[in-house]
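*Asks:* Below is the structure I would like to discuss, written out as structure tokens.
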Amino acid sequence: MAHIAQPLLIRQIILYIKGQSGLPVYVGYLFAVGLCISAILQAIIHQQILFRNSRMGMRVRNALSSAIYRHLLTINTAALHKTTAAQMVNLVANDAGKFEELSIFVHTLVLALLEALGTFALVWWYIGLPTVFGYAVLLLLVPIQFIFSRKFSQYRKTTMACTDKCVQMTNELVNGCQIIKMYNWEKAMEQRVLEARRRELLNIHKVSCLRAVNTALSFAALPLISLATFGGSWLMGQTLLPENIFTTLAFFVMVRVSVTVGMPQAIEKFSEARVSARRIDQFVQLNILSNKREKMENENEDYVIIMKDASFSWNDTPSLISVNLKIRSRNLVGVKGAFGSGKSTLLTAILSEINLVSGQLRLKVNSISYAPQLAWVFAGTIRANILLGKAMDEERYKNVIKACCLDIDLQNFSEIGDLLMIGDKGVNLSGGPRARYRLLVLYTLRLTYIYSTIHLLPLIQR
Ligand SMILES: Nc1ncnc2c1ncn2[C@@H]1O[C@H](COP(=O)(O)OP(=O)(O)OP(=O)(O)O)[C@@H](O)[C@H]1O
Ligand SMILES: [Mg+2]
């Protein structure tokens with residue numbers, strides 16, 4: 001309302017200055033004050049809309065990011081093969097952010113339409129038929145905006161694919177930098193990263209060119225619309241009055257901003273958000289930890305794990321075929337086999353991290369503790385690495401440390417003992433094979449400390 005009131009007040013002021021309205025002096029001042037107040041009101045409301053929209057956008061982004069993280073923690077290892085770390089980083093860093101960008105413009109889609117219709121009626125009221133010419137030019141810009149939006153969407157898809165590749169390559173480079181340096185592959189790897197980055201930049205450049213054309217078009221819109229309206233009016237032999245010209249121009253400026261600046265941005269952001277929504281949706285569709293495994297109903301049964309003709313697969317071809325297995329509770333079971341014969345896969349199958357293709361997997365467990373074949377520690381104290389967030393049970397902790405012979409190692413760290421800080425991947429543990437040994441001990445400790453129904457421990461080569 002404050003927006004639409006301004007051209008109307010301008011018209012009244014012009015009529016007053018021309019002296020045609022015959023109104024007293026104070027009414028002229030009232031119009032001027034009214035114009036000032038409506039401009040201030042419009043600014044305040046506009047900022048409030050932006051503030052509330054941005055806040056909503058931030059909440060949507062945070063909700064999406066946490067949903068992505070939460071889903072990531074529940075998907076199984078087999079499904080993880082369908083995505084990459086880089087893609088997931090991009091989902092949180094870029095895709096979730098697209099909804100925040102959209103939220104700033106989201107009201108423009110409705111507002112632009114309402115303003116265009118309201119303004120059309122008012123301009124028609126003042127100058128009649130020539131309004132149609134101006135609006136014809138304006139309407140012509142709308143399909144062009146849709147074409148632009150499709151193009152933006154296409155380029156965004158390819159740019160995101162390139163960005164995924166670029167981030168993935170940089171990740172691999174950083175992780176494998178020791179090997180790269182050892183083999184002197186720096187130059188070759190640099191070329192590969194630069195090539196990926198060049199491809200990404202090329203797509204960004206195309207989008208920027210398209211955006212430049214789009215912006216130029218939106219700036220050219222006002223002169224084109226005015227030319228069509230006033231040219232049409234002149235051709236029809238109408239007299240152009242200053243109050244009509246200024247009012248119409250003020251209305252067109254208003255419509256131009258929302259239809260040719262606000263709406264294209266909203267459409268662009270909307271199509272980008274749609275692509276991001278699809279990417280997030282694809283990620284969310286990835287299998288969560290298989291629910292195919294059944295909980296055993298019969299509590300009297302003494303078995304904790306039962307597999308009946310169970311086949312499991314990492315991808316399309318089954319890795320374990322028709323496994324029949326029954327494991328009683330309170331039993332220590334060992335599985336032996338050649339390298340790559342599927343021992344770890346069997347443990348992964350019990351964890352439901354691999355797809356159950358056919359047969360049955362039944363478990364009677366409350367929790368499973370699992371030590372992966374590759375040992376890992378996170379940055380923190382040795383104690384934190386053993387407890388893994390569980391409550392400290394002094395007696396059990398001491399017993400476990402003693403049983404795993406870590407007490408001898410801890411003595412080496414003098415009074416700091418198990419409060420010694422160790423880095424990511426155990427980098428500040430002493431070097432050589434002892435570090436690896438300690439890592440292995442750590443994660444065996446971790447496993448034994450946790451109260452679980454089943455402990456899964458793969459063979460460890462020292
Ligand atoms: N995460 C995975 N994704 C895809 N395939 C896998 C994965 N882990 C194992 N495999 C495949 O499953 C098969 C069995 O491997 P697995 O790791 O279970 O063998 P293993 O018996 O534990 O060997 P090792 O004694 O060397 O530890 C192999 O062909 C391997 O390529
Ligand atoms: Mg293994």
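For the structure tokens, the naming scheme is as follows: chains receive sequential letters (A, B, ...) according to their order of presentation, residues are indexed from 1 within each chain, and ligands are indexed from 1 in presentation order.
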As number ranges by chain, please: every protein or nucleic acid residue near ligand 1 (cut-off 12 Å, counting only C-alpha atoms and all ligand atoms).

*Replies:* A: 76-82, 312-321, 335-349, 353-355, 372-374, 457-461

*Asks:* Would you please extract all strand (DSSP E) residues from region 300-458 of chain A, as assigned by DSSP on the backbone, and give them as a PyMOL selection string?

*Replies:* chain A and resi 303-313+318-328+355-363+368-370+380-381+421-422+454-456

*Asks:* Filtering to N, CA and C atoms, could you give me those residues as a tab-separated table (two decimals), in the first residue's frame?

*Replies:*
chain	number	residue	atom	x	y	z
A	303	TYR	N	20.30	-68.49	20.84
A	303	TYR	CA	21.14	-67.94	19.77
A	303	TYR	C	21.05	-66.42	19.73
A	304	VAL	N	22.19	-65.78	19.46
A	304	VAL	CA	22.15	-64.31	19.32
A	304	VAL	C	22.21	-63.88	17.85
A	305	ILE	N	22.82	-64.73	17.02
A	305	ILE	CA	22.86	-64.42	15.58
A	305	ILE	C	22.42	-65.66	14.81
A	306	ILE	N	21.45	-65.47	13.91
A	306	ILE	CA	21.04	-66.59	13.03
A	306	ILE	C	21.00	-66.07	11.60
A	307	MET	N	21.69	-66.78	10.69
A	307	MET	CA	21.59	-66.46	9.27
A	307	MET	C	21.07	-67.69	8.57
A	308	LYS	N	20.02	-67.52	7.75
A	308	LYS	CA	19.46	-68.66	7.01
A	308	LYS	C	19.53	-68.35	5.53
A	309	ASP	N	20.35	-69.11	4.80
A	309	ASP	CA	20.48	-68.90	3.36
A	309	ASP	C	20.67	-67.42	3.00
A	310	ALA	N	21.39	-66.70	3.84
A	310	ALA	CA	21.50	-65.25	3.64
A	310	ALA	C	22.58	-64.93	2.62
A	311	SER	N	22.20	-64.09	1.64
A	311	SER	CA	23.19	-63.60	0.66
A	311	SER	C	23.29	-62.10	0.79
A	312	PHE	N	24.54	-61.60	0.73
A	312	PHE	CA	24.77	-60.16	0.91
A	312	PHE	C	25.57	-59.64	-0.27
A	313	SER	N	25.32	-58.36	-0.62
A	313	SER	CA	26.11	-57.80	-1.72
A	313	SER	C	26.49	-56.37	-1.43
A	318	PRO	N	26.56	-60.58	-5.58
A	318	PRO	CA	26.63	-60.95	-4.15
A	318	PRO	C	28.05	-61.27	-3.71
A	319	SER	N	28.43	-60.79	-2.51
A	319	SER	CA	29.76	-61.06	-1.98
A	319	SER	C	29.73	-62.29	-1.07
A	320	LEU	N	28.63	-62.49	-0.37
A	320	LEU	CA	28.46	-63.68	0.46
A	320	LEU	C	27.20	-64.39	-0.04
A	321	ILE	N	27.32	-65.67	-0.32
A	321	ILE	CA	26.16	-66.38	-0.90
A	321	ILE	C	25.70	-67.49	0.04
A	322	SER	N	24.41	-67.51	0.28
A	322	SER	CA	23.74	-68.56	1.08
A	322	SER	C	24.51	-68.91	2.36
A	323	VAL	N	24.66	-67.95	3.23
A	323	VAL	CA	25.36	-68.22	4.49
A	323	VAL	C	24.37	-68.77	5.50
A	324	ASN	N	24.74	-69.91	6.11
A	324	ASN	CA	23.93	-70.45	7.21
A	324	ASN	C	24.80	-70.41	8.45
A	325	LEU	N	24.32	-69.72	9.47
A	325	LEU	CA	25.16	-69.47	10.64
A	325	LEU	C	24.29	-69.36	11.88
A	326	LYS	N	24.72	-70.02	12.95
A	326	LYS	CA	24.00	-69.88	14.22
A	326	LYS	C	25.03	-69.67	15.30
A	327	ILE	N	24.94	-68.57	16.02
A	327	ILE	CA	25.92	-68.31	17.08
A	327	ILE	C	25.18	-68.17	18.41
A	328	ARG	N	25.63	-68.99	19.38
A	328	ARG	CA	25.00	-68.95	20.71
A	328	ARG	C	25.56	-67.78	21.52
A	355	ASN	N	24.00	-54.78	1.95
A	355	ASN	CA	22.62	-55.13	1.57
A	355	ASN	C	22.35	-56.63	1.69
A	356	LEU	N	21.26	-56.96	2.36
A	356	LEU	CA	20.82	-58.37	2.43
A	356	LEU	C	19.97	-58.63	1.18
A	357	VAL	N	20.47	-59.48	0.29
A	357	VAL	CA	19.79	-59.68	-0.99
A	357	VAL	C	18.68	-60.72	-0.86
A	358	SER	N	19.00	-61.82	-0.19
A	358	SER	CA	17.98	-62.85	0.01
A	358	SER	C	18.27	-63.59	1.32
A	359	GLY	N	17.35	-64.40	1.74
A	359	GLY	CA	17.53	-65.16	2.98
A	359	GLY	C	17.14	-64.34	4.20
A	360	GLN	N	17.63	-64.81	5.35
A	360	GLN	CA	17.20	-64.23	6.62
A	360	GLN	C	18.39	-63.89	7.50
A	361	LEU	N	18.30	-62.75	8.19
A	361	LEU	CA	19.30	-62.42	9.21
A	361	LEU	C	18.52	-62.04	10.46
A	362	ARG	N	18.72	-62.83	11.53
A	362	ARG	CA	17.99	-62.54	12.77
A	362	ARG	C	18.98	-62.31	13.89
A	363	LEU	N	18.75	-61.25	14.65
A	363	LEU	CA	19.68	-60.90	15.73
A	363	LEU	C	18.92	-60.73	17.04
A	368	ILE	N	25.77	-53.54	19.47
A	368	ILE	CA	26.93	-54.28	18.94
A	368	ILE	C	28.12	-53.35	19.00
A	369	SER	N	29.26	-53.82	19.50
A	369	SER	CA	30.47	-53.00	19.38
A	369	SER	C	31.35	-53.61	18.30
A	370	TYR	N	31.93	-52.75	17.50
A	370	TYR	CA	32.66	-53.22	16.32
A	370	TYR	C	33.96	-52.44	16.18
A	380	GLY	N	42.27	-35.93	20.80
A	380	GLY	CA	41.76	-35.86	22.18
A	380	GLY	C	42.67	-36.66	23.08
A	381	THR	N	42.28	-36.83	24.34
A	381	THR	CA	43.13	-37.59	25.26
A	381	THR	C	42.96	-39.09	24.97
A	421	MET	N	47.40	-36.02	25.24
A	421	MET	CA	46.64	-35.66	24.04
A	421	MET	C	47.23	-36.39	22.84
A	422	ILE	N	46.36	-37.04	22.07
A	422	ILE	CA	46.86	-37.64	20.83
A	422	ILE	C	46.09	-37.02	19.67
A	454	ILE	N	27.19	-58.09	21.51
A	454	ILE	CA	28.13	-58.77	20.61
A	454	ILE	C	29.35	-57.88	20.39
A	455	HIS	N	30.53	-58.45	20.45
A	455	HIS	CA	31.75	-57.73	20.09
A	455	HIS	C	32.26	-58.30	18.77
A	456	LEU	N	32.49	-57.45	17.81
A	456	LEU	CA	33.01	-57.91	16.51
A	456	LEU	C	34.42	-57.37	16.36

*Asks:* May I ask which of the residues A:Ala371, A:Ile180, A:Ile10, A:Ala39 is the closest one to ligand 2, counting only C-alpha atoms and all ligand atoms?

*Replies:* A:Ala371

*Asks:* Hey, can you check how far CA of Ile147 (chain A) sits from CA of Gln282 (chain A)?

*Replies:* 25.8 Å

*Asks:* Quick one: residues within 10 Å of Leu201 (chain A), only C-alpha atoms counted, chain neighbours fewer than 6 positions away excluded, as an MDAnalysis selection string?

*Replies:* chainID A and resid 159 162:163 195 207

*Asks:* If we count only C-alpha atoms and set the cut-off at 10 Å, which residues sit around Asn203 (chain A), ignoring sequence neighbours fewer than 5 positions away in its own chain? Please answer as a list in words.

*Replies:* Tyr155, Arg156, Lys157, Thr158, Thr159, Met160, Cys162, Arg198, Ser208 and Cys209 of chain A

*Asks:* For the selection just defined, write its residues with all heavy atoms to a file, as an mmCIF file, in the first residue's frame.

*Replies:*
data_model
loop_
_atom_site.group_PDB
_atom_site.id
_atom_site.type_symbol
_atom_site.label_atom_id
_atom_site.label_comp_id
_atom_site.auth_asym_id
_atom_site.auth_seq_id
_atom_site.Cartn_x
_atom_site.Cartn_y
_atom_site.Cartn_z
ATOM 1 N N TYR A 155 23.037 -24.718 -16.224
ATOM 2 C CA TYR A 155 24.428 -24.387 -15.902
ATOM 3 C C TYR A 155 24.745 -24.733 -14.457
ATOM 4 O O TYR A 155 25.847 -25.132 -14.126
ATOM 5 C CB TYR A 155 24.704 -22.906 -16.160
ATOM 6 C CG TYR A 155 24.885 -22.602 -17.627
ATOM 7 C CD1 TYR A 155 24.316 -21.485 -18.201
ATOM 8 C CD2 TYR A 155 25.631 -23.443 -18.436
ATOM 9 C CE1 TYR A 155 24.479 -21.211 -19.545
ATOM 10 C CE2 TYR A 155 25.803 -23.183 -19.779
ATOM 11 C CZ TYR A 155 25.224 -22.063 -20.330
ATOM 12 O OH TYR A 155 25.388 -21.807 -21.659
ATOM 13 N N ARG A 156 23.743 -24.549 -13.589
ATOM 14 C CA ARG A 156 23.992 -24.835 -12.164
ATOM 15 C C ARG A 156 24.309 -26.320 -11.976
ATOM 16 O O ARG A 156 25.207 -26.681 -11.236
ATOM 17 C CB ARG A 156 22.782 -24.412 -11.344
ATOM 18 C CG ARG A 156 22.813 -24.905 -9.963
ATOM 19 C CD ARG A 156 22.447 -23.896 -8.906
ATOM 20 N NE ARG A 156 22.654 -24.533 -7.612
ATOM 21 C CZ ARG A 156 23.789 -24.532 -6.961
ATOM 22 N NH1 ARG A 156 24.818 -23.884 -7.423
ATOM 23 N NH2 ARG A 156 23.916 -25.154 -5.820
ATOM 24 N N LYS A 157 23.526 -27.164 -12.719
ATOM 25 C CA LYS A 157 23.751 -28.612 -12.596
ATOM 26 C C LYS A 157 25.184 -28.965 -12.974
ATOM 27 O O LYS A 157 25.881 -29.675 -12.248
ATOM 28 C CB LYS A 157 22.784 -29.352 -13.526
ATOM 29 C CG LYS A 157 21.631 -29.987 -12.774
ATOM 30 C CD LYS A 157 20.849 -30.876 -13.687
ATOM 31 C CE LYS A 157 19.382 -30.586 -13.552
ATOM 32 N NZ LYS A 157 18.578 -31.069 -14.636
ATOM 33 N N THR A 158 25.624 -28.428 -14.140
ATOM 34 C CA THR A 158 26.979 -28.784 -14.585
ATOM 35 C C THR A 158 28.032 -28.166 -13.667
ATOM 36 O O THR A 158 29.043 -28.801 -13.363
ATOM 37 C CB THR A 158 27.246 -28.345 -16.037
ATOM 38 O OG1 THR A 158 26.614 -27.091 -16.239
ATOM 39 C CG2 THR A 158 26.726 -29.321 -17.048
ATOM 40 N N THR A 159 27.753 -26.922 -13.191
ATOM 41 C CA THR A 159 28.727 -26.293 -12.289
ATOM 42 C C THR A 159 28.878 -27.118 -11.016
ATOM 43 O O THR A 159 29.990 -27.341 -10.538
ATOM 44 C CB THR A 159 28.286 -24.851 -11.911
ATOM 45 O OG1 THR A 159 27.964 -24.170 -13.093
ATOM 46 C CG2 THR A 159 29.373 -24.108 -11.173
ATOM 47 N N MET A 160 27.743 -27.585 -10.475
ATOM 48 C CA MET A 160 27.811 -28.347 -9.225
ATOM 49 C C MET A 160 28.580 -29.655 -9.418
ATOM 50 O O MET A 160 29.341 -30.067 -8.555
ATOM 51 C CB MET A 160 26.412 -28.650 -8.678
ATOM 52 C CG MET A 160 25.709 -27.474 -8.052
ATOM 53 S SD MET A 160 26.736 -26.503 -6.965
ATOM 54 C CE MET A 160 26.967 -27.635 -5.614
ATOM 55 N N CYS A 162 30.952 -30.138 -11.556
ATOM 56 C CA CYS A 162 32.375 -29.764 -11.639
ATOM 57 C C CYS A 162 32.919 -29.443 -10.252
ATOM 58 O O CYS A 162 34.048 -29.814 -9.918
ATOM 59 C CB CYS A 162 32.567 -28.548 -12.534
ATOM 60 S SG CYS A 162 32.265 -28.884 -14.250
ATOM 61 N N ARG A 198 39.482 -25.271 -13.946
ATOM 62 C CA ARG A 198 39.241 -24.514 -15.183
ATOM 63 C C ARG A 198 37.846 -24.826 -15.721
ATOM 64 O O ARG A 198 37.096 -23.938 -16.118
ATOM 65 C CB ARG A 198 40.303 -24.885 -16.229
ATOM 66 C CG ARG A 198 40.418 -23.910 -17.398
ATOM 67 C CD ARG A 198 41.350 -24.435 -18.471
ATOM 68 N NE ARG A 198 40.888 -25.723 -19.028
ATOM 69 C CZ ARG A 198 39.898 -25.854 -19.901
ATOM 70 N NH1 ARG A 198 39.265 -24.798 -20.342
ATOM 71 N NH2 ARG A 198 39.520 -27.043 -20.329
ATOM 72 N N SER A 208 27.760 -16.242 -15.360
ATOM 73 C CA SER A 208 27.946 -14.804 -15.148
ATOM 74 C C SER A 208 27.545 -14.012 -16.386
ATOM 75 O O SER A 208 26.924 -12.958 -16.283
ATOM 76 C CB SER A 208 29.398 -14.495 -14.796
ATOM 77 O OG SER A 208 29.779 -15.260 -13.707
ATOM 78 N N CYS A 209 27.896 -14.536 -17.583
ATOM 79 C CA CYS A 209 27.520 -13.853 -18.836
ATOM 80 C C CYS A 209 26.006 -13.774 -18.935
ATOM 81 O O CYS A 209 25.430 -12.733 -19.271
ATOM 82 C CB CYS A 209 28.076 -14.598 -20.045
ATOM 83 S SG CYS A 209 29.839 -14.433 -20.180
#

*Asks:* Can you pull out every residue within 7 Å of Gly232 (chain A), counting only C-alpha atoms, but drop anything in the same chain fewer than 3 positions away, and send it as a list in words?

*Replies:*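 Contacts, in chain order: Pro130, Phe133, Ala228, Thr229, Leu235 and Met236 of chain A.
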